[in-house]
file query_1.txt (compact mmCIF, C-alpha atoms)
# COMPACT_ATOMS: atom_id res chain seq x y z
CA MET L 1 103.47 112.16 82.73
CA THR L 2 104.68 108.69 81.87
CA LEU L 3 107.69 107.71 83.97
CA THR L 4 110.39 105.96 81.97
CA ALA L 5 114.01 104.98 82.40
CA ALA L 6 114.94 107.97 80.23
CA ASN L 7 113.17 110.61 82.32
CA THR L 8 113.14 109.25 85.89
CA ALA L 9 115.95 108.93 88.43
CA ILE L 10 116.27 107.53 91.95
CA VAL L 11 118.23 108.88 94.91
CA LEU L 12 118.96 106.74 97.97
CA ASP L 13 120.87 107.45 101.14
CA SER L 14 123.74 105.25 102.29
CA THR L 15 121.61 103.35 104.82
CA ALA L 16 120.18 101.44 101.84
CA ASP L 17 123.53 99.61 101.89
CA PHE L 18 123.82 99.82 98.11
CA PRO L 19 127.04 101.86 97.66
CA ASP L 20 127.56 100.85 94.02
CA ALA L 21 123.99 101.69 92.95
CA ALA L 22 125.14 104.14 90.27
CA GLU L 23 127.23 101.39 88.68
CA TRP L 24 124.12 99.24 88.33
CA PHE L 25 121.81 102.07 87.28
CA PRO L 26 123.24 105.25 85.72
CA SER L 27 120.15 107.17 86.87
CA TRP L 28 120.65 106.29 90.58
CA ARG L 29 122.63 108.23 93.17
CA VAL L 30 123.51 107.52 96.81
CA VAL L 31 123.87 110.37 99.32
CA PRO L 32 126.04 109.32 102.27
CA LEU L 33 125.28 109.83 105.94
CA TYR L 34 128.19 110.56 108.27
CA VAL L 35 129.92 108.48 110.92
CA ASN L 36 132.00 110.33 113.50
CA PHE L 37 135.06 108.71 115.09
CA ASP L 38 137.34 110.49 117.57
CA GLY L 39 136.36 113.95 116.41
CA ARG L 40 136.59 113.20 112.70
CA SER L 41 133.66 112.86 110.31
CA TYR L 42 133.59 110.27 107.51
CA ARG L 43 131.11 109.81 104.69
CA ASP L 44 129.47 106.41 105.01
CA GLY L 45 130.65 104.15 102.19
CA VAL L 46 132.83 106.87 100.65
CA ASP L 47 135.51 107.86 103.16
CA MET L 48 134.99 104.73 105.23
CA THR L 49 133.89 101.33 103.95
CA ALA L 50 131.98 98.84 106.07
CA ASP L 51 135.07 96.65 106.49
CA GLU L 52 137.15 99.62 107.62
CA PHE L 53 134.45 100.64 110.06
CA TYR L 54 134.16 97.26 111.79
CA GLU L 55 137.94 96.94 111.97
CA ARG L 56 138.17 100.31 113.66
CA LEU L 57 135.22 99.55 115.94
CA ARG L 58 137.04 96.51 117.31
CA SER L 59 139.98 98.62 118.46
CA SER L 60 138.16 101.80 119.50
CA THR L 61 137.46 102.63 123.13
CA ALA L 62 134.66 105.06 122.26
CA LEU L 63 131.52 104.29 120.27
CA PRO L 64 131.08 106.31 117.08
CA THR L 65 128.21 108.70 116.50
CA THR L 66 126.32 109.32 113.27
CA SER L 67 124.65 112.24 111.55
CA GLN L 68 122.35 112.78 108.61
CA PRO L 69 123.27 114.33 105.25
CA THR L 70 122.77 118.07 104.96
CA PRO L 71 120.18 119.54 102.59
CA ALA L 72 123.16 120.77 100.55
CA ASP L 73 124.30 117.15 100.13
CA PHE L 74 120.94 116.21 98.67
CA LEU L 75 120.72 119.36 96.58
CA ALA L 76 124.04 118.47 94.93
CA ALA L 77 122.70 115.02 94.00
CA TYR L 78 119.44 116.45 92.63
CA GLU L 79 121.28 119.05 90.56
CA GLU L 80 123.55 116.34 89.16
CA LEU L 81 120.38 114.68 87.85
CA GLU L 82 119.07 117.86 86.21
CA GLY L 83 118.30 116.09 82.95
CA TYR L 84 115.58 113.96 84.59
CA GLU L 85 111.97 115.13 84.84
CA ARG L 86 111.20 113.09 87.96
CA ILE L 87 113.42 112.04 90.87
CA PHE L 88 112.24 109.62 93.55
CA SER L 89 114.28 110.22 96.71
CA ILE L 90 113.84 107.16 98.95
CA HIS L 91 115.12 107.13 102.52
CA ILE L 92 115.50 105.46 105.89
CA ALA L 93 112.51 105.66 108.25
CA SER L 94 112.04 109.26 109.36
CA GLN L 95 111.63 108.12 112.99
CA LEU L 96 115.14 106.66 112.89
CA SER L 97 116.95 109.55 111.22
CA GLY L 98 116.54 113.14 110.09
CA THR L 99 117.68 112.10 106.60
CA PHE L 100 114.18 112.21 105.10
CA GLU L 101 113.69 115.72 106.48
CA SER L 102 116.98 116.89 104.93
CA ALA L 103 115.91 115.46 101.58
CA GLY L 104 112.59 117.28 101.82
CA THR L 105 114.32 120.57 102.61
CA ALA L 106 116.56 120.16 99.58
CA ALA L 107 113.62 119.26 97.33
CA ALA L 108 111.77 122.39 98.44
CA GLU L 109 114.86 124.51 97.86
CA LEU L 110 115.23 123.09 94.36
CA GLY L 111 111.71 124.34 93.83
CA ASP L 112 110.92 122.83 90.45
CA GLY L 113 108.67 119.98 91.61
CA ARG L 114 110.86 117.28 90.08
CA VAL L 115 111.72 115.56 93.39
CA ARG L 116 109.29 113.35 95.28
CA THR L 117 110.63 112.25 98.67
CA ILE L 118 109.61 108.85 100.06
CA ASP L 119 109.85 107.76 103.69
CA SER L 120 110.47 104.03 103.31
CA GLY L 121 109.70 103.31 106.98
CA VAL L 122 112.52 100.75 106.97
CA ALA L 123 116.31 100.48 106.66
CA SER L 124 119.11 98.69 104.80
CA ALA L 125 118.28 96.23 102.01
CA ALA L 126 114.56 96.94 102.43
CA ILE L 127 115.10 100.49 101.11
CA ALA L 128 117.02 99.21 98.09
CA MET L 129 114.31 96.65 97.37
CA LEU L 130 111.60 99.32 97.35
CA ALA L 131 113.75 101.29 94.93
CA LEU L 132 114.18 98.20 92.72
CA ALA L 133 110.40 97.67 92.70
CA ILE L 134 109.93 101.28 91.57
CA GLN L 135 112.63 100.87 88.91
CA ARG L 136 110.84 97.81 87.48
CA ARG L 137 107.77 99.94 86.91
CA ILE L 138 109.78 102.80 85.44
CA ASP L 139 111.42 100.39 83.02
CA ARG L 140 108.05 99.43 81.52
CA GLY L 141 106.47 102.88 81.87
CA ALA L 142 104.43 103.98 84.88
CA SER L 143 102.73 106.95 86.52
CA ASP L 144 103.25 108.81 89.79
CA GLU L 145 99.97 107.34 91.00
CA GLU L 146 101.17 103.80 90.30
CA VAL L 147 104.35 104.45 92.29
CA ASP L 148 102.26 105.92 95.13
CA ALA L 149 100.13 102.76 95.20
CA LEU L 150 103.23 100.56 95.26
CA VAL L 151 104.74 102.50 98.17
CA GLU L 152 101.50 102.25 100.16
CA ARG L 153 101.29 98.49 99.54
CA PHE L 154 104.95 98.11 100.48
CA ARG L 155 104.29 99.83 103.81
CA ARG L 156 101.30 97.58 104.52
CA GLU L 157 102.61 94.23 103.39
CA HIS L 158 106.38 94.04 103.83
CA GLY L 159 107.96 92.06 106.62
CA LEU L 160 111.22 92.51 108.50
CA LEU L 161 112.87 90.48 111.25
CA PHE L 162 116.34 90.80 112.74
CA THR L 163 118.40 89.91 115.77
CA VAL L 164 121.38 91.63 117.36
CA GLU L 165 124.28 90.34 119.41
CA THR L 166 123.57 92.96 122.07
CA LEU L 167 121.09 95.80 122.56
CA GLU L 168 123.94 98.02 123.74
CA PHE L 169 124.43 99.74 120.38
CA LEU L 170 120.71 100.41 119.80
CA ALA L 171 120.36 101.71 123.36
CA ARG L 172 123.38 104.04 123.20
CA GLY L 173 122.30 105.37 119.84
CA GLY L 174 118.79 106.11 121.09
CA ARG L 175 117.18 103.85 118.44
CA ILE L 176 115.95 101.14 120.78
CA GLY L 177 112.25 102.14 120.83
CA ARG L 178 109.93 99.65 122.51
CA ALA L 179 112.74 97.09 122.40
CA ARG L 180 114.01 98.82 125.54
CA ALA L 181 111.92 96.25 127.42
CA PHE L 182 114.47 93.62 126.35
CA ALA L 183 117.50 95.54 127.60
CA GLY L 184 119.50 94.13 130.48
CA GLU L 185 118.59 90.52 129.76
CA LEU L 186 120.87 87.62 130.62
CA MET L 187 123.68 86.68 128.29
CA HIS L 188 122.77 84.40 125.40
CA VAL L 189 119.17 85.66 125.29
CA LYS L 190 118.62 86.80 121.71
CA PRO L 191 116.10 89.56 121.04
CA ILE L 192 114.04 89.11 117.88
CA LEU L 193 113.15 92.57 116.59
CA THR L 194 111.32 94.31 113.79
CA ILE L 195 110.61 97.88 112.70
CA VAL L 196 107.02 99.15 112.88
CA ASP L 197 106.23 102.72 111.79
CA GLY L 198 109.94 103.47 111.94
CA GLU L 199 110.37 102.23 115.51
CA VAL L 200 112.41 99.23 116.66
CA VAL L 201 109.85 96.89 118.22
CA PRO L 202 110.44 93.65 120.18
CA VAL L 203 108.90 90.47 118.81
CA LYS L 204 110.24 87.69 121.01
CA ARG L 205 113.11 86.61 123.26
CA VAL L 206 114.84 83.32 122.55
CA ARG L 207 117.95 81.68 123.93
CA GLY L 208 120.88 81.30 121.56
CA ASN L 209 121.45 81.66 117.82
CA ARG L 210 119.85 78.33 116.96
CA LYS L 211 116.49 79.34 118.38
CA ALA L 212 116.79 82.78 116.81
CA PHE L 213 117.11 81.17 113.39
CA GLN L 214 114.20 78.85 114.16
CA GLU L 215 112.13 81.97 114.81
CA PHE L 216 113.21 83.23 111.38
CA VAL L 217 112.04 79.93 109.84
CA ASP L 218 108.71 79.97 111.67
CA THR L 219 108.03 83.56 110.65
CA LEU L 220 108.96 82.95 107.02
CA GLU L 221 106.59 79.98 106.84
CA SER L 222 103.70 81.71 108.61
CA ARG L 223 103.94 85.08 106.88
CA THR L 224 104.81 84.16 103.28
CA ARG L 225 103.94 81.72 100.51
CA ASP L 226 106.38 79.95 98.23
CA GLU L 227 105.81 81.81 94.98
CA PRO L 228 107.95 83.43 92.27
CA GLY L 229 106.88 86.95 93.29
CA LEU L 230 108.31 86.62 96.78
CA ARG L 231 111.42 88.79 97.11
CA ILE L 232 113.90 88.48 99.97
CA GLY L 233 116.63 90.79 101.20
CA ILE L 234 119.25 89.75 103.75
CA ALA L 235 121.49 92.08 105.77
CA HIS L 236 124.29 91.47 108.22
CA ALA L 237 126.85 93.43 110.22
CA ALA L 238 130.26 91.79 109.76
CA ALA L 239 128.55 88.38 109.96
CA PRO L 240 128.58 86.86 106.44
CA GLU L 241 128.31 83.32 107.79
CA ARG L 242 125.02 84.19 109.50
CA ALA L 243 123.74 85.83 106.34
CA GLU L 244 124.53 82.61 104.47
CA GLU L 245 122.57 80.62 107.06
CA VAL L 246 119.56 82.83 106.42
CA ALA L 247 120.01 82.42 102.66
CA LYS L 248 120.10 78.64 103.06
CA LEU L 249 116.91 78.55 105.07
CA VAL L 250 115.18 80.76 102.49
CA ARG L 251 116.31 78.53 99.62
CA HIS L 252 115.15 75.44 101.52
CA ARG L 253 111.79 76.74 102.77
CA ARG L 254 110.90 79.08 99.89
CA PRO L 255 112.68 77.70 96.79
CA GLN L 256 110.61 79.81 94.37
CA ALA L 257 111.50 83.08 96.09
CA GLU L 258 114.16 85.40 94.71
CA ILE L 259 116.90 86.49 97.07
CA GLU L 260 117.18 89.96 95.61
CA ALA L 261 119.89 91.39 97.84
CA VAL L 262 122.45 90.22 100.40
CA VAL L 263 124.15 93.25 101.92
CA GLY L 264 126.49 94.19 104.69
CA LEU L 265 125.37 96.98 107.00
CA GLY L 266 127.46 100.05 106.37
CA ALA L 267 129.12 102.18 109.02
CA VAL L 268 126.05 104.21 110.01
CA LEU L 269 123.65 101.30 110.52
CA GLY L 270 126.48 99.20 111.96
CA ALA L 271 127.12 101.89 114.57
CA HIS L 272 123.54 101.50 115.81
CA ALA L 273 122.94 97.77 115.36
CA GLY L 274 126.41 96.49 116.27
CA PRO L 275 128.52 93.67 114.83
CA GLY L 276 126.81 90.29 114.55
CA THR L 277 123.42 91.70 113.60
CA VAL L 278 121.58 89.67 110.97
CA GLY L 279 118.10 89.93 109.55
CA PHE L 280 115.91 89.49 106.53
CA PHE L 281 113.18 91.37 104.72
CA TRP L 282 110.42 90.10 102.49
CA PHE L 283 107.95 91.64 100.08
CA SER L 284 105.77 90.01 97.46
CA ASP L 285 106.01 91.78 94.11
CA PRO L 286 105.46 89.66 90.99
CA GLU L 287 106.08 92.66 88.70

call {"tool": "encode", "arguments": {"input": "query_1.txt", "output": "structure tokens"}}
result
Amino acid sequence: MTLTAANTAIVLDSTADFPDAAEWFPSWRVVPLYVNFDGRSYRDGVDMTADEFYERLRSSTALPTTSQPTPADFLAAYEELEGYERIFSIHIASQLSGTFESAGTAAAELGDGRVRTIDSGVASAAIAMLALAIQRRIDRGASDEEVDALVERFRREHGLLFTVETLEFLARGGRIGRARAFAGELMHVKPILTIVDGEVVPVKRVRGNRKAFQEFVDTLESRTRDEPGLRIGIAHAAAPERAEEVAKLVRHRRPQAEIEAVVGLGAVLGAHAGPGTVGFFWFSDPE
């Protein structure tokens, strides 16, 4: 089967932080996760926008909780795309959420073999960028095997670095992983983190935002080359000025790279990372 834009669709979950995906690509859908505030459940990016979430977080005395979509949520999205012969369903790292499992349950229930679920191993803009890389291949015609090879290379070669204002949100949400070793540090010590095999992993401790951004610069220069195929994604949690700082350093240090996405973390990821989080993702794909 040759995958084309006419016969292939993509489904994301809301942790890709691409809420208007269907406006960009008619064959894309986004299935929202849920954020729970004071006993009420809201669909991420549908019932509650990122701006509304952070505004409420500032005045709330209790931290929100989150939950994955149900298989029925995914099944509804897949059935809406019934005219497509292949659907790639691409999701947040399975170690961070049960979302991938829900998608797999729905795909099995659909039972027609059209849906292929993909565990991205990452979160936020990185998920959207994998989907965009797949879409580029669909647009020119591709095979399932070619998409499989792309996903495997993505898992091997991508890079991700981020820092948070505090580890409190990751710790309370149970997503702290090996970064637990950094918990309880003195104020102004910034943890530099990444995600490896779906787990939040500590990279380094630095003091202050300036040194955190220097670590971003050093990593960008040591792990990438300035070339047209280098693609960058930037994500932030209610911190657009920090995202712009990262964009400036990318433009200065890697002028040939394409900044493919600058996104704000939605309510679900924001609930776990906390306001002030900023990070960037890179992947070389000259396609």

call {"tool": "residues_around", "arguments": {"input": "query_1.txt", "residues": "L:Glu241", "least_positions_apart": "5", "cutoff": "12 Å", "atoms": "only C-alpha atoms", "output": "NGL selection string"}}
result
:L and (234-236 or 246-248 or 262 or 264 or 276-278)

call {"tool": "write_last_selection", "arguments": {"input": "query_1.txt", "atoms": "C-alpha atoms", "output": "PDB file, in the frame of the given file"}}
result
ATOM      1  CA  ILE L 234     119.250  89.750 103.750  1.00  0.00           C
ATOM      2  CA  ALA L 235     121.490  92.080 105.770  1.00  0.00           C
ATOM      3  CA  HIS L 236     124.290  91.470 108.220  1.00  0.00           C
ATOM      4  CA  VAL L 246     119.560  82.830 106.420  1.00  0.00           C
ATOM      5  CA  ALA L 247     120.010  82.420 102.660  1.00  0.00           C
ATOM      6  CA  LYS L 248     120.100  78.640 103.060  1.00  0.00           C
ATOM      7  CA  VAL L 262     122.450  90.220 100.400  1.00  0.00           C
ATOM      8  CA  GLY L 264     126.490  94.190 104.690  1.00  0.00           C
ATOM      9  CA  GLY L 276     126.810  90.290 114.550  1.00  0.00           C
ATOM     10  CA  THR L 277     123.420  91.700 113.600  1.00  0.00           C
ATOM     11  CA  VAL L 278     121.580  89.670 110.970  1.00  0.00           C
TER      12      VAL L 278
END

call {"tool": "closest_residue", "arguments": {"input": "query_1.txt", "among": "L:Ala50, L:Leu110, L:Leu265, L:Leu12", "to": "L:Ala131", "atoms": "only C-alpha atoms"}}
result
L:Leu12

call {"tool": "residues_around", "arguments": {"input": "query_1.txt", "residues": "L:Phe100", "least_positions_apart": "3", "cutoff": "6 Å", "atoms": "only C-alpha atoms", "output": "list in words"}}
result
His91, Ser94 and Ala103 of chain L

call {"tool": "residues_around", "arguments": {"input": "query_1.txt", "residues": "stretch 29-44 of chain L", "least_positions_apart": "4", "cutoff": "10 Å", "atoms": "only C-alpha atoms", "output": "MDAnalysis selection string"}}
result
chainID L and resid 9:23 25 48:50 53 56:57 60:70 73:78 80:81 89:91 97 99 103 266:271

call {"tool": "write_last_selection", "arguments": {"input": "query_1.txt", "atoms": "C-alpha atoms", "output": "mmCIF file, in the coordinates of the input"}}
result
data_model
loop_
_atom_site.group_PDB
_atom_site.id
_atom_site.type_symbol
_atom_site.label_atom_id
_atom_site.label_comp_id
_atom_site.auth_asym_id
_atom_site.auth_seq_id
_atom_site.Cartn_x
_atom_site.Cartn_y
_atom_site.Cartn_z
ATOM 1 C CA ALA L 9 115.950 108.930 88.430
ATOM 2 C CA ILE L 10 116.270 107.530 91.950
ATOM 3 C CA VAL L 11 118.230 108.880 94.910
ATOM 4 C CA LEU L 12 118.960 106.740 97.970
ATOM 5 C CA ASP L 13 120.870 107.450 101.140
ATOM 6 C CA SER L 14 123.740 105.250 102.290
ATOM 7 C CA THR L 15 121.610 103.350 104.820
ATOM 8 C CA ALA L 16 120.180 101.440 101.840
ATOM 9 C CA ASP L 17 123.530 99.610 101.890
ATOM 10 C CA PHE L 18 123.820 99.820 98.110
ATOM 11 C CA PRO L 19 127.040 101.860 97.660
ATOM 12 C CA ASP L 20 127.560 100.850 94.020
ATOM 13 C CA ALA L 21 123.990 101.690 92.950
ATOM 14 C CA ALA L 22 125.140 104.140 90.270
ATOM 15 C CA GLU L 23 127.230 101.390 88.680
ATOM 16 C CA PHE L 25 121.810 102.070 87.280
ATOM 17 C CA MET L 48 134.990 104.730 105.230
ATOM 18 C CA THR L 49 133.890 101.330 103.950
ATOM 19 C CA ALA L 50 131.980 98.840 106.070
ATOM 20 C CA PHE L 53 134.450 100.640 110.060
ATOM 21 C CA ARG L 56 138.170 100.310 113.660
ATOM 22 C CA LEU L 57 135.220 99.550 115.940
ATOM 23 C CA SER L 60 138.160 101.800 119.500
ATOM 24 C CA THR L 61 137.460 102.630 123.130
ATOM 25 C CA ALA L 62 134.660 105.060 122.260
ATOM 26 C CA LEU L 63 131.520 104.290 120.270
ATOM 27 C CA PRO L 64 131.080 106.310 117.080
ATOM 28 C CA THR L 65 128.210 108.700 116.500
ATOM 29 C CA THR L 66 126.320 109.320 113.270
ATOM 30 C CA SER L 67 124.650 112.240 111.550
ATOM 31 C CA GLN L 68 122.350 112.780 108.610
ATOM 32 C CA PRO L 69 123.270 114.330 105.250
ATOM 33 C CA THR L 70 122.770 118.070 104.960
ATOM 34 C CA ASP L 73 124.300 117.150 100.130
ATOM 35 C CA PHE L 74 120.940 116.210 98.670
ATOM 36 C CA LEU L 75 120.720 119.360 96.580
ATOM 37 C CA ALA L 76 124.040 118.470 94.930
ATOM 38 C CA ALA L 77 122.700 115.020 94.000
ATOM 39 C CA TYR L 78 119.440 116.450 92.630
ATOM 40 C CA GLU L 80 123.550 116.340 89.160
ATOM 41 C CA LEU L 81 120.380 114.680 87.850
ATOM 42 C CA SER L 89 114.280 110.220 96.710
ATOM 43 C CA ILE L 90 113.840 107.160 98.950
ATOM 44 C CA HIS L 91 115.120 107.130 102.520
ATOM 45 C CA SER L 97 116.950 109.550 111.220
ATOM 46 C CA THR L 99 117.680 112.100 106.600
ATOM 47 C CA ALA L 103 115.910 115.460 101.580
ATOM 48 C CA GLY L 266 127.460 100.050 106.370
ATOM 49 C CA ALA L 267 129.120 102.180 109.020
ATOM 50 C CA VAL L 268 126.050 104.210 110.010
ATOM 51 C CA LEU L 269 123.650 101.300 110.520
ATOM 52 C CA GLY L 270 126.480 99.200 111.960
ATOM 53 C CA ALA L 271 127.120 101.890 114.570
#

call {"tool": "closest_residue", "arguments": {"input": "query_1.txt", "among": "L:Glu245, L:Pro191, L:Ser284, L:Asp197", "to": "L:Pro228", "atoms": "all atoms listed in the file"}}
result
L:Ser284
